[in-house]
Amino acid sequence: METTSVRIVTTISAAVLAGGESRRMGRDKALLRFHGKPLLQVVLGRVSTVFAHPFVVSNSPERYPFLTCPVVPDRMPGKGPLAGIDAALRYAATPFVFACGCDMPFLSESLLCLLAGKAIEGIDLVLPSGPDGAEPLCAIWGKTAIPAIERALAEERLSLVLLANQLSVHHVTIDEVALADPTFASFRNFNTAEEWDSR
């Protein structure tokens with residue numbers, strides 16, 4: 001059960017990445033209706049319960065006229081989530097940014113608070129693990145990771161998991177995650193129409 005007395009974190013921004021082409025889904029995932037609202041709006045609502053500075057990374061802000069938060073474009077379009085994280089870190093006024101996809105409506109407040117508590121000076125990345133391994137798209141990235149991200153983008157090394165091997169990482173184990181989110185629902189996302197229809 002989620003707590004109703006979460007203290008809003010002001011030292012960590014929250015970036016919801018909505019720049020993907022949704023090729024496997026066949027339509028813009030951010031606009032799928034979830035409990036009557038666009039999925040992107042639902043995810044923003046989830047991160048806003050913990051982080052004081054939410055924003056969206058997208059090169060198509062005209063698709064989302066309902067947004068009241070900033071929309072930040074990729075600096076290097078077409079290079080996947082890594083480019084979105086790069087844009088988020090460069091835009092944010094805070095030293096850390098929680099980054100997630102726009103198709104993750106089950107984010108747990110308890111898990112977000114757990115991750116926030118691990119974001120300390122000297123750490124480039126707070127990286128949780130779930131049943132499928134590391135989850136870099138439900139993680140907290142530090143501005144200190146920007147040089148490594150810039151090199152990776154320039155060299156077309158776009159894997160977030162491989163990039164993590166070059167960073168100072170605080171690994172949040174699967175056992176720690178399970179205490180905050182026993183079903184690991186936070187990591188659930190939707191990539192295909194079949195996954196969405198069977199939600």
# chains A, B, ... in the order shown; residues from 1 in each chain; ligands from 1
$ closest_atom_pairs --of "segment 161-187 of chain A" --to "segment 126-129 of chain A" --cutoff "9 Å" --atoms "only C-alpha atoms" --output "CSV"
residue,atom,partner,partner_atom,distance
A:Ala164,CA,A:Leu127,CA,8.5
A:Ser168,CA,A:Val126,CA,8.9
A:Val169,CA,A:Val126,CA,5.9
A:His170,CA,A:Val126,CA,4.9
A:His171,CA,A:Leu127,CA,5.0
A:Val172,CA,A:Pro128,CA,4.4
A:Thr173,CA,A:Ser129,CA,5.5
A:Ile174,CA,A:Ser129,CA,5.0
A:Asp175,CA,A:Ser129,CA,8.7
A:Glu176,CA,A:Pro128,CA,8.6
A:Val177,CA,A:Pro128,CA,6.9
$ select_by_dssp --residues "segment 8-103 of chain A" --states "strand (DSSP E)" --output "list in words"
Val9, Thr10, Thr11, Ile12, Ser13, Ala14, Ala15, Val16, Leu17, Arg33, Phe34, Lys37, Pro38, Phe51, Ala52, His53, Pro54, Phe55, Val56, Val57, Val71, Val72, Phe96, Val97, Phe98, Ala99, Cys100 and Gly101 of chain A
$ select_by_dssp --residues "segment 10-145 of chain A" --states "helix (DSSP H, G or I)" --output "ChimeraX atom specification"
/A:29-31,39-48,61-63,80-91,109-116,143-145
$ write_last_selection --atoms "C-alpha atoms" --output "JSON list (two decimals), in the first residue's frame"
[["chain", "number", "residue", "atom", "x", "y", "z"],
["A", 29, "LYS", "CA", 2.30, 4.92, -26.41],
["A", 30, "ALA", "CA", 2.19, 8.24, -24.60],
["A", 31, "LEU", "CA", -1.36, 8.84, -25.82],
["A", 39, "LEU", "CA", -0.57, 7.26, -20.36],
["A", 40, "LEU", "CA", 2.04, 10.02, -20.33],
["A", 41, "GLN", "CA", -0.13, 12.09, -18.01],
["A", 42, "VAL", "CA", -0.57, 9.14, -15.65],
["A", 43, "VAL", "CA", 3.18, 8.53, -15.44],
["A", 44, "LEU", "CA", 3.82, 12.23, -14.81],
["A", 45, "GLY", "CA", 1.31, 12.07, -11.99],
["A", 46, "ARG", "CA", 3.17, 9.14, -10.44],
["A", 47, "VAL", "CA", 6.60, 10.78, -10.48],
["A", 48, "SER", "CA", 5.14, 14.09, -9.30],
["A", 61, "PRO", "CA", 5.51, 18.56, -27.97],
["A", 62, "GLU", "CA", 2.59, 19.34, -30.27],
["A", 63, "ARG", "CA", 1.30, 15.80, -29.67],
["A", 80, "GLY", "CA", 17.15, 6.18, -28.26],
["A", 81, "PRO", "CA", 16.76, 6.48, -24.49],
["A", 82, "LEU", "CA", 20.40, 7.42, -23.97],
["A", 83, "ALA", "CA", 19.82, 10.64, -25.93],
["A", 84, "GLY", "CA", 16.75, 11.30, -23.82],
["A", 85, "ILE", "CA", 18.72, 10.92, -20.61],
["A", 86, "ASP", "CA", 21.43, 13.18, -22.04],
["A", 87, "ALA", "CA", 18.82, 15.87, -22.75],
["A", 88, "ALA", "CA", 17.27, 15.45, -19.32],
["A", 89, "LEU", "CA", 20.54, 15.80, -17.44],
["A", 90, "ARG", "CA", 21.57, 18.86, -19.44],
["A", 91, "TYR", "CA", 18.22, 20.55, -18.85],
["A", 109, "GLU", "CA", 6.06, 5.77, -4.54],
["A", 110, "SER", "CA", 7.90, 3.54, -2.08],
["A", 111, "LEU", "CA", 10.42, 2.49, -4.71],
["A", 112, "LEU", "CA", 10.94, 6.04, -5.92],
["A", 113, "CYS", "CA", 11.60, 7.15, -2.35],
["A", 114, "LEU", "CA", 14.03, 4.27, -1.87],
["A", 115, "LEU", "CA", 15.98, 5.25, -4.98],
["A", 116, "ALA", "CA", 15.96, 8.93, -4.01],
["A", 143, "LYS", "CA", 24.91, 15.06, -13.94],
["A", 144, "THR", "CA", 28.37, 13.63, -13.30],
["A", 145, "ALA", "CA", 27.49, 10.94, -15.87]]
$ residues_around --residues "Arg7 of chain A" --least-positions-apart "4" --cutoff "9 Å" --atoms "only C-alpha atoms" --output "ChimeraX atom specification"
/A:49-51,113
$ residues_around --residues "Gln166 of chain A" --least-positions-apart "3" --cutoff "10 Å" --atoms "only C-alpha atoms" --output "list in words"
Asp124, Ala145, Ala148, Ile149, Val161, Leu162, Leu163 and Val169 of chain A
$ atom_distance --atom1 "atom CA of Arg75 of chain A" --atom2 "atom CA of Pro105 of chain A"
26.1 Å
$ residues_around --residues "segment 183-187 of chain A" --least-positions-apart "3" --cutoff "6 Å" --atoms "only C-alpha atoms" --output "PyMOL selection string"
chain A and resi 106-108
$ write_last_selection --atoms "C-alpha atoms" --output "PDB file, in the first residue's frame"
ATOM      1  CA  PHE A 106       2.645   1.389 -12.047  1.00  0.00           C
ATOM      2  CA  LEU A 107       5.613   3.238 -10.567  1.00  0.00           C
ATOM      3  CA  SER A 108       5.671   2.745  -6.800  1.00  0.00           C
TER       4      SER A 108
END
$ closest_residue --among "A:Arg157, A:Lys79, A:Arg188, A:Lys118" --to "Pro131 of chain A" --atoms "only C-alpha atoms"
A:Arg188
$ residues_around --residues "Cys100 of chain A" --least-positions-apart "5" --cutoff "7 Å" --atoms "only C-alpha atoms" --output "CSV table (one decimal) with C-alpha atoms, in the first residue's frame"
chain,number,residue,atom,x,y,z
A,15,ALA,CA,12.2,13.1,-16.7
A,16,VAL,CA,9.6,11.1,-18.5
A,17,LEU,CA,11.0,10.0,-21.9
A,137,LEU,CA,14.9,3.3,-17.3
A,138,CYS,CA,13.6,3.4,-13.8
$ residues_around --residues "Gly142 of chain A" --least-positions-apart "3" --cutoff "9 Å" --atoms "only C-alpha atoms" --output "number ranges by chain"
A: 89, 94-98, 119, 121-126, 145-146
$ write_last_selection --atoms "N, CA and C atoms" --output "tab-separated table (two decimals), in the first residue's frame"
chain	number	residue	atom	x	y	z
A	89	LEU	N	19.49	15.37	-18.36
A	89	LEU	CA	20.54	15.80	-17.44
A	89	LEU	C	21.03	17.20	-17.77
A	94	THR	N	18.76	20.38	-11.15
A	94	THR	CA	19.14	19.57	-9.99
A	94	THR	C	20.32	18.67	-10.34
A	95	PRO	N	21.07	18.19	-9.35
A	95	PRO	CA	22.23	17.34	-9.63
A	95	PRO	C	21.85	15.93	-10.09
A	96	PHE	N	20.61	15.52	-9.83
A	96	PHE	CA	20.17	14.18	-10.20
A	96	PHE	C	18.82	14.25	-10.92
A	97	VAL	N	18.59	13.25	-11.78
A	97	VAL	CA	17.33	13.14	-12.50
A	97	VAL	C	16.86	11.69	-12.46
A	98	PHE	N	15.63	11.48	-12.00
A	98	PHE	CA	15.00	10.18	-12.16
A	98	PHE	C	14.47	10.10	-13.58
A	119	ALA	N	20.69	8.55	-3.82
A	119	ALA	CA	21.35	9.51	-4.70
A	119	ALA	C	22.18	10.48	-3.87
A	121	GLU	N	26.26	12.43	-3.31
A	121	GLU	CA	27.44	12.94	-4.02
A	121	GLU	C	28.43	11.81	-4.28
A	122	GLY	N	28.98	11.80	-5.48
A	122	GLY	CA	29.94	10.77	-5.85
A	122	GLY	C	29.34	9.61	-6.61
A	123	ILE	N	28.01	9.58	-6.72
A	123	ILE	CA	27.33	8.50	-7.43
A	123	ILE	C	26.82	9.05	-8.77
A	124	ASP	N	27.12	8.32	-9.85
A	124	ASP	CA	26.63	8.71	-11.18
A	124	ASP	C	25.25	8.13	-11.47
A	125	LEU	N	24.94	7.00	-10.85
A	125	LEU	CA	23.72	6.28	-11.22
A	125	LEU	C	23.24	5.43	-10.05
A	126	VAL	N	21.96	5.57	-9.73
A	126	VAL	CA	21.31	4.68	-8.76
A	126	VAL	C	20.48	3.71	-9.59
A	145	ALA	N	27.43	11.96	-14.81
A	145	ALA	CA	27.49	10.94	-15.87
A	145	ALA	C	27.53	11.55	-17.26
A	146	ILE	N	27.33	12.86	-17.39
A	146	ILE	CA	27.23	13.49	-18.71
A	146	ILE	C	28.46	13.22	-19.59
$ closest_residue --among "A:Met104, A:Asn165, A:Ser60, A:Ile12" --to "Leu32 of chain A" --atoms "only C-alpha atoms"
A:Met104
$ atom_distance --atom1 "atom CA of Asn191 of chain A" --atom2 "atom CA of Ala99 of chain A"
17.4 Å
$ decode --residues "segment 100-120 of chain A" --atoms "N, CA and C atoms" --output "tab-separated table (two decimals), in the first residue's frame"
chain	number	residue	atom	x	y	z
A	100	CYS	N	12.48	7.73	-16.55
A	100	CYS	CA	11.64	6.55	-16.81
A	100	CYS	C	10.97	6.72	-18.16
A	101	GLY	N	10.39	5.63	-18.65
A	101	GLY	CA	9.65	5.68	-19.89
A	101	GLY	C	8.24	6.20	-19.66
A	102	CYS	N	7.58	6.57	-20.76
A	102	CYS	CA	6.23	7.11	-20.67
A	102	CYS	C	5.19	6.00	-20.56
A	103	ASP	N	5.64	4.74	-20.54
A	103	ASP	CA	4.71	3.61	-20.53
A	103	ASP	C	4.84	2.80	-19.24
A	104	MET	N	5.09	3.49	-18.12
A	104	MET	CA	5.30	2.82	-16.84
A	104	MET	C	4.33	3.37	-15.80
A	105	PRO	N	3.04	3.04	-15.90
A	105	PRO	CA	2.03	3.66	-15.03
A	105	PRO	C	1.95	3.08	-13.63
A	106	PHE	N	2.75	2.04	-13.35
A	106	PHE	CA	2.64	1.39	-12.05
A	106	PHE	C	3.81	1.73	-11.13
A	107	LEU	N	4.49	2.82	-11.41
A	107	LEU	CA	5.61	3.24	-10.57
A	107	LEU	C	5.18	3.35	-9.11
A	108	SER	N	5.97	2.77	-8.23
A	108	SER	CA	5.67	2.75	-6.80
A	108	SER	C	6.31	3.93	-6.09
A	109	GLU	N	5.51	4.67	-5.34
A	109	GLU	CA	6.06	5.77	-4.54
A	109	GLU	C	7.15	5.26	-3.61
A	110	SER	N	6.92	4.10	-3.03
A	110	SER	CA	7.90	3.54	-2.08
A	110	SER	C	9.23	3.27	-2.76
A	111	LEU	N	9.17	2.74	-3.98
A	111	LEU	CA	10.42	2.49	-4.71
A	111	LEU	C	11.10	3.79	-5.08
A	112	LEU	N	10.34	4.76	-5.54
A	112	LEU	CA	10.94	6.04	-5.92
A	112	LEU	C	11.62	6.69	-4.72
A	113	CYS	N	10.99	6.59	-3.57
A	113	CYS	CA	11.60	7.15	-2.35
A	113	CYS	C	12.86	6.39	-1.98
A	114	LEU	N	12.84	5.08	-2.15
A	114	LEU	CA	14.03	4.27	-1.87
A	114	LEU	C	15.19	4.70	-2.76
A	115	LEU	N	14.92	4.84	-4.05
A	115	LEU	CA	15.98	5.25	-4.98
A	115	LEU	C	16.48	6.64	-4.65
A	116	ALA	N	15.57	7.55	-4.32
A	116	ALA	CA	15.96	8.93	-4.01
A	116	ALA	C	16.92	8.98	-2.84
A	117	GLY	N	16.72	8.11	-1.88
A	117	GLY	CA	17.58	8.09	-0.71
A	117	GLY	C	19.00	7.62	-0.99
A	118	LYS	N	19.21	7.01	-2.14
A	118	LYS	CA	20.54	6.49	-2.51
A	118	LYS	C	21.33	7.47	-3.37
A	119	ALA	N	20.69	8.55	-3.82
A	119	ALA	CA	21.35	9.51	-4.70
A	119	ALA	C	22.18	10.48	-3.87
A	120	ILE	N	23.45	10.19	-3.76
A	120	ILE	CA	24.34	11.01	-2.96
A	120	ILE	C	25.55	11.44	-3.79
